[in-house]
Amino acid sequence: MSNQPETTIHDIAKALNISASTVSRALNDNPLISQATRNKIKKAAAEMGYRPNVVAANFRTKRTNTIGVIVPLINRHFFSSVISGIEEVAYEQGFAVSISQSNDNFEKESKIAHSLFANRVDGVILSIAMETSSYEHLKLFSERQIPLVFFDRIVDEIHAYKIVADDFRGGYLATRHLIEQGRKRIAMIGGPQNLRIYQNRQAGYITALQEAGLQPDDAFILHNSLTRKDGTQAIGKLMNAAIRPDAVFCANDTTALSSIIYLRENNIKVPEEVAIVGFSNEPFAEVVTPSISTIKQPGFEMGKKAAELLIRQINQKETPDYFETITMPTELIIRDSSVSK
């Protein structure tokens with residue numbers, strides 16, 4: 001490692017025999033400096049390995065032009081779509097994006113939040129971990145007027161903009177579709193009930209059953225963390241009960257996939273004996289056999305909207321009087337796992 005000192009604007013000024021203030025203005029694209037001079041100074045700066053001292057500049061403006069993003073799992077298509085939407089808007093507006101995943105773990109989410117706070121991000125966009133039920137680590141931001149925007153998994157107790165998919169309608173459409181296929185014993189493998197999204201998906205499921213004159217059965221409603229392992233255990237429990245379901249609505253596609261694998265391994269035909277509908281429209285849902293019927297969420301659009309709302313607050317430098325919760329549409333995608341040929 002070389003201990004060569006960093007190139008400063010004074011070094012560039014000396015090399016070009018001009019004032020340091022002219023160099024500074026040129027590097028900041030000040031229109032008082034001609035384009036030709038700006039180009040010459042920038043070329044010299046690049047050749048000399050000059051790096052602007054962002055920290056010092058930020059210290060003056062009290063802004064880092066960085067947005068923190070906390071997601072439960074980066075490898076889920078829905079969350080990666082949201083991140084893409086956030087990045088597109090942030091990049092256009094001159095913000096860098098710092099992305100972290102909580103792995104659905106409360107301790108990790110709390111550590112990430114404290115770290116983002118210490119690094120003085122201008123705002124945070126997040127979807128909370130499945131384990132999160134206390135919010136002190138998030139109040140750090142709201143108490144100091146650092147903007148927060150929640151998406152998908154939101155916190156009612158904190159005043160902030162919230163962007164959700166229409167989970168109730170998603171659960172309703174999935175269940176109504178199964179009813180239309182002539183299914184009468186429809187089970188649900190749902191997520192943790194401390195999270196509003198899973199409460200809403202289940203409420204949609206129950207409403208569709210009741211509208212069709214079918215009585216929801218507690219033995220047919222299971223809750224877990226919706227991992228592959230959880231899905232396998234849940235479908236096993238349903239299939240080993242005295243009365244088996246003839247359809248299962250899964251609160252995510254990972255659970256739908258593990259259910260299909262379990263059923264296939266136990267020679268139970270999908271969809272003939274058990275129809276399956278998932279939620280999220282993961283890319284694998286289309287390519288597995290049978291392909292998985294699912295509910296599509298507009299992740300990319302949710303990400304764009306979250307970034308727009310956050311950056312608007314950062315630029316306004318004041319807390320809005322009213323925070324709305326924006327609900328975006330969900331749609332049913334019908335594939336082979338729910339429709340008998």
# chains A, B, ... in the order shown; residues from 1 in each chain; ligands from 1
>>> residues_around(residues="region 148-156 of chain A", least_positions_apart="3", cutoff="10 Å", atoms="only C-alpha atoms", output="PyMOL selection string")
chain A and resi 67-72+78-79+82+122-130+132-135+138-139+141-142+145+159-167+194-198+297+299+302-303+305-310+313-314+323+325-327
>>> residues_around(residues="Ala45 (chain A)", least_positions_apart="3", cutoff="12 Å", atoms="only C-alpha atoms", output="list in words")
Glu6, Thr7, Thr8, Ile9, His10, Asp11, Ile12, Ala13, Lys14, Ala15, Leu16, Val23, Ser24, Ala26, Leu27, Arg38, Asn39, Lys40, Ile41, Lys42, Met48, Gly49, Tyr50, Arg51 and Pro52 of chain A
>>> write_last_selection(atoms="N, CA and C atoms", output="mmCIF file, in the first residue's frame")
data_model
loop_
_atom_site.group_PDB
_atom_site.id
_atom_site.type_symbol
_atom_site.label_atom_id
_atom_site.label_comp_id
_atom_site.auth_asym_id
_atom_site.auth_seq_id
_atom_site.Cartn_x
_atom_site.Cartn_y
_atom_site.Cartn_z
ATOM 1 N N GLU A 6 -3.239 12.169 -0.471
ATOM 2 C CA GLU A 6 -4.362 12.400 -1.390
ATOM 3 C C GLU A 6 -4.133 13.681 -2.187
ATOM 4 N N THR A 7 -4.527 13.658 -3.459
ATOM 5 C CA THR A 7 -4.471 14.869 -4.285
ATOM 6 C C THR A 7 -5.543 15.837 -3.805
ATOM 7 N N THR A 8 -5.166 17.099 -3.642
ATOM 8 C CA THR A 8 -6.146 18.111 -3.202
ATOM 9 C C THR A 8 -6.398 19.102 -4.343
ATOM 10 N N ILE A 9 -7.409 19.958 -4.132
ATOM 11 C CA ILE A 9 -7.673 20.975 -5.174
ATOM 12 C C ILE A 9 -6.488 21.940 -5.283
ATOM 13 N N HIS A 10 -5.738 22.076 -4.200
ATOM 14 C CA HIS A 10 -4.556 22.970 -4.247
ATOM 15 C C HIS A 10 -3.489 22.400 -5.174
ATOM 16 N N ASP A 11 -3.339 21.055 -5.164
ATOM 17 C CA ASP A 11 -2.371 20.410 -6.073
ATOM 18 C C ASP A 11 -2.756 20.657 -7.528
ATOM 19 N N ILE A 12 -4.065 20.545 -7.800
ATOM 20 C CA ILE A 12 -4.542 20.737 -9.186
ATOM 21 C C ILE A 12 -4.316 22.205 -9.579
ATOM 22 N N ALA A 13 -4.643 23.110 -8.652
ATOM 23 C CA ALA A 13 -4.482 24.548 -8.921
ATOM 24 C C ALA A 13 -3.025 24.873 -9.247
ATOM 25 N N LYS A 14 -2.099 24.277 -8.466
ATOM 26 C CA LYS A 14 -0.666 24.516 -8.662
ATOM 27 C C LYS A 14 -0.214 23.990 -10.032
ATOM 28 N N ALA A 15 -0.689 22.771 -10.352
ATOM 29 C CA ALA A 15 -0.291 22.144 -11.621
ATOM 30 C C ALA A 15 -0.772 22.963 -12.815
ATOM 31 N N LEU A 16 -1.959 23.553 -12.694
ATOM 32 C CA LEU A 16 -2.523 24.300 -13.833
ATOM 33 C C LEU A 16 -2.272 25.807 -13.727
ATOM 34 N N VAL A 23 -10.657 26.030 -9.353
ATOM 35 C CA VAL A 23 -10.698 24.555 -9.443
ATOM 36 C C VAL A 23 -11.957 24.038 -8.753
ATOM 37 N N SER A 24 -12.214 24.556 -7.560
ATOM 38 C CA SER A 24 -13.374 24.115 -6.779
ATOM 39 C C SER A 24 -14.673 24.367 -7.543
ATOM 40 N N ALA A 26 -15.047 24.806 -10.770
ATOM 41 C CA ALA A 26 -15.109 23.984 -11.989
ATOM 42 C C ALA A 26 -15.566 22.561 -11.663
ATOM 43 N N LEU A 27 -15.016 22.009 -10.576
ATOM 44 C CA LEU A 27 -15.376 20.626 -10.204
ATOM 45 C C LEU A 27 -16.836 20.529 -9.762
ATOM 46 N N ARG A 38 -13.664 24.167 -17.405
ATOM 47 C CA ARG A 38 -14.175 23.079 -16.560
ATOM 48 C C ARG A 38 -13.639 21.730 -17.049
ATOM 49 N N ASN A 39 -13.705 21.538 -18.373
ATOM 50 C CA ASN A 39 -13.236 20.265 -18.945
ATOM 51 C C ASN A 39 -11.757 20.048 -18.672
ATOM 52 N N LYS A 40 -10.976 21.126 -18.836
ATOM 53 C CA LYS A 40 -9.514 21.035 -18.640
ATOM 54 C C LYS A 40 -9.203 20.665 -17.187
ATOM 55 N N ILE A 41 -9.899 21.319 -16.254
ATOM 56 C CA ILE A 41 -9.657 21.075 -14.823
ATOM 57 C C ILE A 41 -10.080 19.658 -14.441
ATOM 58 N N LYS A 42 -11.237 19.218 -14.970
ATOM 59 C CA LYS A 42 -11.719 17.856 -14.662
ATOM 60 C C LYS A 42 -10.764 16.795 -15.204
ATOM 61 N N MET A 48 -4.701 13.155 -12.114
ATOM 62 C CA MET A 48 -3.947 13.244 -10.855
ATOM 63 C C MET A 48 -4.565 12.397 -9.739
ATOM 64 N N GLY A 49 -5.670 11.702 -10.057
ATOM 65 C CA GLY A 49 -6.292 10.802 -9.070
ATOM 66 C C GLY A 49 -7.006 11.540 -7.959
ATOM 67 N N TYR A 50 -7.591 12.697 -8.306
ATOM 68 C CA TYR A 50 -8.299 13.477 -7.289
ATOM 69 C C TYR A 50 -9.620 12.797 -6.908
ATOM 70 N N ARG A 51 -9.874 12.712 -5.603
ATOM 71 C CA ARG A 51 -11.180 12.206 -5.114
ATOM 72 C C ARG A 51 -11.817 13.295 -4.277
ATOM 73 N N PRO A 52 -13.047 13.706 -4.632
ATOM 74 C CA PRO A 52 -13.679 14.757 -3.826
ATOM 75 C C PRO A 52 -13.924 14.269 -2.404
#
>>> select_by_dssp(residues="region 263-331 of chain A", states="alpha helix (DSSP H)", output="list in words")
Leu263, Arg264, Glu265, Phe284, Ala285, Glu286, Val287, Gly299, Phe300, Glu301, Met302, Gly303, Lys304, Lys305, Ala306, Ala307, Glu308, Leu309, Leu310, Ile311, Arg312, Gln313, Ile314, Asn315 and Gln316 of chain A
>>> closest_residue(among="A:Leu73, A:Ile311, A:Leu209, A:Ile146", to="Ala174 (chain A)", atoms="only C-alpha atoms")
A:Leu209
>>> select_by_dssp(residues="region 151-304 of chain A", states="strand (DSSP E or B)", output="list in words")
Phe151, Tyr161, Lys162, Ile163, Val164, Ala165, Ile186, Ala187, Met188, Ile189, Gly190, Ile221, Leu222, His223, Ala247, Val248, Phe249, Cys250, Ala275, Ile276, Val277, Ser280, Ser293, Thr294, Ile295 and Lys296 of chain A
>>> write_last_selection(atoms="N, CA, C and O atoms", output="tab-separated table (two decimals), in the first residue's frame")
chain	number	residue	atom	x	y	z
A	151	PHE	N	-42.68	-0.24	3.44
A	151	PHE	CA	-43.41	-0.90	2.35
A	151	PHE	C	-43.67	-2.35	2.73
A	151	PHE	O	-42.94	-2.95	3.50
A	161	TYR	N	-45.04	7.46	5.80
A	161	TYR	CA	-45.70	6.96	4.59
A	161	TYR	C	-45.55	5.45	4.54
A	161	TYR	O	-44.51	4.89	4.91
A	162	LYS	N	-46.62	4.78	4.07
A	162	LYS	CA	-46.61	3.32	3.98
A	162	LYS	C	-47.14	2.91	2.61
A	162	LYS	O	-48.13	3.48	2.14
A	163	ILE	N	-46.46	1.95	2.01
A	163	ILE	CA	-46.89	1.47	0.69
A	163	ILE	C	-47.11	-0.03	0.79
A	163	ILE	O	-46.19	-0.77	1.15
A	164	VAL	N	-48.32	-0.44	0.50
A	164	VAL	CA	-48.63	-1.87	0.61
A	164	VAL	C	-49.28	-2.35	-0.69
A	164	VAL	O	-49.86	-1.57	-1.44
A	165	ALA	N	-49.18	-3.66	-0.91
A	165	ALA	CA	-49.97	-4.26	-1.98
A	165	ALA	C	-51.34	-4.57	-1.38
A	165	ALA	O	-51.48	-4.65	-0.15
A	186	ILE	N	-60.84	-25.84	1.66
A	186	ILE	CA	-59.68	-25.02	1.29
A	186	ILE	C	-58.91	-24.62	2.55
A	186	ILE	O	-59.44	-23.92	3.42
A	187	ALA	N	-57.66	-25.08	2.63
A	187	ALA	CA	-56.80	-24.73	3.77
A	187	ALA	C	-55.97	-23.49	3.43
A	187	ALA	O	-55.87	-23.09	2.27
A	188	MET	N	-55.38	-22.91	4.48
A	188	MET	CA	-54.46	-21.78	4.26
A	188	MET	C	-53.21	-21.97	5.11
A	188	MET	O	-53.29	-22.22	6.31
A	189	ILE	N	-52.04	-21.83	4.47
A	189	ILE	CA	-50.77	-21.78	5.20
A	189	ILE	C	-50.35	-20.31	5.18
A	189	ILE	O	-49.94	-19.79	4.14
A	190	GLY	N	-50.52	-19.63	6.33
A	190	GLY	CA	-50.29	-18.20	6.40
A	190	GLY	C	-49.04	-17.83	7.17
A	190	GLY	O	-48.37	-18.69	7.75
A	221	ILE	N	-56.26	-23.74	9.10
A	221	ILE	CA	-55.48	-22.49	9.01
A	221	ILE	C	-54.22	-22.62	9.86
A	221	ILE	O	-54.30	-22.74	11.09
A	222	LEU	N	-53.06	-22.63	9.21
A	222	LEU	CA	-51.78	-22.76	9.92
A	222	LEU	C	-50.96	-21.49	9.72
A	222	LEU	O	-51.05	-20.85	8.66
A	223	HIS	N	-50.14	-21.15	10.72
A	223	HIS	CA	-49.25	-19.97	10.60
A	223	HIS	C	-47.81	-20.40	10.86
A	223	HIS	O	-47.56	-21.17	11.79
A	247	ALA	N	-57.67	-28.21	-1.41
A	247	ALA	CA	-56.97	-27.05	-1.97
A	247	ALA	C	-56.24	-26.33	-0.84
A	247	ALA	O	-56.67	-26.39	0.31
A	248	VAL	N	-55.12	-25.68	-1.19
A	248	VAL	CA	-54.38	-24.91	-0.19
A	248	VAL	C	-53.98	-23.56	-0.79
A	248	VAL	O	-53.40	-23.51	-1.88
A	249	PHE	N	-54.32	-22.49	-0.07
A	249	PHE	CA	-53.83	-21.16	-0.42
A	249	PHE	C	-52.61	-20.89	0.47
A	249	PHE	O	-52.70	-20.91	1.69
A	250	CYS	N	-51.46	-20.69	-0.16
A	250	CYS	CA	-50.19	-20.45	0.55
A	250	CYS	C	-49.87	-18.96	0.52
A	250	CYS	O	-49.95	-18.34	-0.55
A	275	ALA	N	-55.44	-28.68	-5.09
A	275	ALA	CA	-55.07	-27.50	-5.89
A	275	ALA	C	-54.27	-26.55	-5.01
A	275	ALA	O	-54.52	-26.46	-3.80
A	276	ILE	N	-53.31	-25.85	-5.62
A	276	ILE	CA	-52.42	-24.95	-4.85
A	276	ILE	C	-52.40	-23.57	-5.50
A	276	ILE	O	-52.26	-23.45	-6.72
A	277	VAL	N	-52.48	-22.54	-4.66
A	277	VAL	CA	-52.24	-21.16	-5.13
A	277	VAL	C	-51.23	-20.52	-4.17
A	277	VAL	O	-51.35	-20.65	-2.95
A	280	SER	N	-46.99	-13.92	-4.58
A	280	SER	CA	-45.78	-13.12	-4.85
A	280	SER	C	-45.30	-13.18	-6.29
A	280	SER	O	-44.61	-12.29	-6.75
A	293	SER	N	-50.01	-21.25	-9.75
A	293	SER	CA	-50.94	-20.11	-9.75
A	293	SER	C	-50.56	-19.24	-8.56
A	293	SER	O	-50.23	-19.74	-7.48
A	294	THR	N	-50.63	-17.92	-8.75
A	294	THR	CA	-50.11	-17.05	-7.69
A	294	THR	C	-50.72	-15.66	-7.78
A	294	THR	O	-51.47	-15.35	-8.72
A	295	ILE	N	-50.40	-14.83	-6.80
A	295	ILE	CA	-50.85	-13.44	-6.78
A	295	ILE	C	-49.64	-12.56	-7.06
A	295	ILE	O	-48.61	-12.67	-6.39
A	296	LYS	N	-49.77	-11.69	-8.04
A	296	LYS	CA	-48.67	-10.81	-8.42
A	296	LYS	C	-48.76	-9.49	-7.67
A	296	LYS	O	-49.83	-8.89	-7.59
>>> atom_distance(atom1="CA of Ala234 (chain A)", atom2="CA of Ser258 (chain A)")
9.6 Å
>>> residues_around(residues="Arg76 (chain A)", least_positions_apart="4", cutoff="12 Å", atoms="only C-alpha atoms", output="PDB file with N, CA, C and O atoms, in the first residue's frame")
ATOM      1  N   VAL A  71     -34.366  -4.692   3.857  1.00  0.00           N
ATOM      2  CA  VAL A  71     -35.354  -5.688   3.405  1.00  0.00           C
ATOM      3  C   VAL A  71     -35.145  -6.985   4.189  1.00  0.00           C
ATOM      4  O   VAL A  71     -34.045  -7.256   4.663  1.00  0.00           O
ATOM      5  N   PRO A  72     -36.193  -7.808   4.318  1.00  0.00           N
ATOM      6  CA  PRO A  72     -36.023  -9.079   5.024  1.00  0.00           C
ATOM      7  C   PRO A  72     -35.077 -10.036   4.289  1.00  0.00           C
ATOM      8  O   PRO A  72     -34.179 -10.604   4.891  1.00  0.00           O
ATOM      9  N   SER A  80     -36.274  -7.877  -4.398  1.00  0.00           N
ATOM     10  CA  SER A  80     -35.282  -7.375  -5.374  1.00  0.00           C
ATOM     11  C   SER A  80     -35.961  -6.437  -6.386  1.00  0.00           C
ATOM     12  O   SER A  80     -35.360  -5.471  -6.845  1.00  0.00           O
ATOM     13  N   SER A  81     -37.242  -6.690  -6.703  1.00  0.00           N
ATOM     14  CA  SER A  81     -37.985  -5.780  -7.603  1.00  0.00           C
ATOM     15  C   SER A  81     -38.180  -4.424  -6.946  1.00  0.00           C
ATOM     16  O   SER A  81     -38.048  -3.381  -7.595  1.00  0.00           O
ATOM     17  N   VAL A  82     -38.501  -4.439  -5.659  1.00  0.00           N
ATOM     18  CA  VAL A  82     -38.694  -3.176  -4.927  1.00  0.00           C
ATOM     19  C   VAL A  82     -37.374  -2.391  -4.932  1.00  0.00           C
ATOM     20  O   VAL A  82     -37.355  -1.188  -5.205  1.00  0.00           O
ATOM     21  N   ILE A  83     -36.260  -3.084  -4.653  1.00  0.00           N
ATOM     22  CA  ILE A  83     -34.943  -2.429  -4.636  1.00  0.00           C
ATOM     23  C   ILE A  83     -34.647  -1.793  -5.997  1.00  0.00           C
ATOM     24  O   ILE A  83     -34.167  -0.662  -6.083  1.00  0.00           O
ATOM     25  N   GLN A 101     -29.946  -6.583   4.435  1.00  0.00           N
ATOM     26  CA  GLN A 101     -31.048  -7.524   4.694  1.00  0.00           C
ATOM     27  C   GLN A 101     -31.021  -7.982   6.144  1.00  0.00           C
ATOM     28  O   GLN A 101     -29.965  -8.223   6.719  1.00  0.00           O
ATOM     29  N   ASN A 103     -32.575 -10.717   7.218  1.00  0.00           N
ATOM     30  CA  ASN A 103     -32.796 -12.175   7.315  1.00  0.00           C
ATOM     31  C   ASN A 103     -33.980 -12.505   8.226  1.00  0.00           C
ATOM     32  O   ASN A 103     -33.990 -13.549   8.880  1.00  0.00           O
ATOM     33  N   THR A 227     -40.957 -20.487   5.372  1.00  0.00           N
ATOM     34  CA  THR A 227     -39.732 -20.976   4.739  1.00  0.00           C
ATOM     35  C   THR A 227     -40.034 -22.314   4.053  1.00  0.00           C
ATOM     36  O   THR A 227     -41.111 -22.891   4.249  1.00  0.00           O
ATOM     37  N   ASN A 252     -47.122 -17.453   0.558  1.00  0.00           N
ATOM     38  CA  ASN A 252     -46.041 -17.078  -0.371  1.00  0.00           C
ATOM     39  C   ASN A 252     -45.733 -18.248  -1.308  1.00  0.00           C
ATOM     40  O   ASN A 252     -46.196 -19.381  -1.093  1.00  0.00           O
ATOM     41  N   ASP A 253     -44.959 -17.971  -2.354  1.00  0.00           N
ATOM     42  CA  ASP A 253     -44.672 -19.003  -3.365  1.00  0.00           C
ATOM     43  C   ASP A 253     -43.696 -20.060  -2.859  1.00  0.00           C
ATOM     44  O   ASP A 253     -43.708 -21.199  -3.331  1.00  0.00           O
ATOM     45  N   THR A 254     -42.828 -19.677  -1.921  1.00  0.00           N
ATOM     46  CA  THR A 254     -41.883 -20.649  -1.356  1.00  0.00           C
ATOM     47  C   THR A 254     -42.655 -21.787  -0.700  1.00  0.00           C
ATOM     48  O   THR A 254     -42.327 -22.974  -0.866  1.00  0.00           O
ATOM     49  N   PHE A 279     -48.409 -16.914  -3.536  1.00  0.00           N
ATOM     50  CA  PHE A 279     -48.516 -15.452  -3.432  1.00  0.00           C
ATOM     51  C   PHE A 279     -47.134 -14.852  -3.667  1.00  0.00           C
ATOM     52  O   PHE A 279     -46.179 -15.284  -3.020  1.00  0.00           O
ATOM     53  N   SER A 280     -46.993 -13.921  -4.578  1.00  0.00           N
ATOM     54  CA  SER A 280     -45.777 -13.119  -4.851  1.00  0.00           C
ATOM     55  C   SER A 280     -45.301 -13.178  -6.290  1.00  0.00           C
ATOM     56  O   SER A 280     -44.606 -12.287  -6.754  1.00  0.00           O
ATOM     57  N   ASN A 281     -45.640 -14.245  -7.007  1.00  0.00           N
ATOM     58  CA  ASN A 281     -45.175 -14.433  -8.387  1.00  0.00           C
ATOM     59  C   ASN A 281     -43.650 -14.421  -8.499  1.00  0.00           C
ATOM     60  O   ASN A 281     -43.054 -13.663  -9.257  1.00  0.00           O
ATOM     61  N   GLU A 282     -43.015 -15.285  -7.708  1.00  0.00           N
ATOM     62  CA  GLU A 282     -41.565 -15.496  -7.834  1.00  0.00           C
ATOM     63  C   GLU A 282     -41.280 -16.059  -9.232  1.00  0.00           C
ATOM     64  O   GLU A 282     -42.113 -16.786  -9.783  1.00  0.00           O
ATOM     65  N   PRO A 283     -40.107 -15.783  -9.816  1.00  0.00           N
ATOM     66  CA  PRO A 283     -39.806 -16.297 -11.163  1.00  0.00           C
ATOM     67  C   PRO A 283     -39.940 -17.822 -11.271  1.00  0.00           C
ATOM     68  O   PRO A 283     -40.364 -18.339 -12.302  1.00  0.00           O
ATOM     69  N   PHE A 284     -39.610 -18.556 -10.201  1.00  0.00           N
ATOM     70  CA  PHE A 284     -39.673 -20.018 -10.291  1.00  0.00           C
ATOM     71  C   PHE A 284     -41.111 -20.527 -10.451  1.00  0.00           C
ATOM     72  O   PHE A 284     -41.334 -21.634 -10.924  1.00  0.00           O
ATOM     73  N   GLY A 299     -44.018  -4.984  -7.244  1.00  0.00           N
ATOM     74  CA  GLY A 299     -42.828  -4.628  -6.463  1.00  0.00           C
ATOM     75  C   GLY A 299     -42.064  -3.431  -6.992  1.00  0.00           C
ATOM     76  O   GLY A 299     -41.716  -2.509  -6.245  1.00  0.00           O
TER      77      GLY A 299
END
>>> atom_distance(atom1="CA of Pro216 (chain A)", atom2="CA of Ala203 (chain A)")
10.7 Å
>>> residues_around(residues="Thr207 (chain A)", least_positions_apart="3", cutoff="10 Å", atoms="only C-alpha atoms", output="MDAnalysis selection string")
chainID A and resid 168:169 171:172 175:176 202:204 210:216
>>> atom_distance(atom1="CA of Val287 (chain A)", atom2="CA of Leu257 (chain A)")
11.1 Å
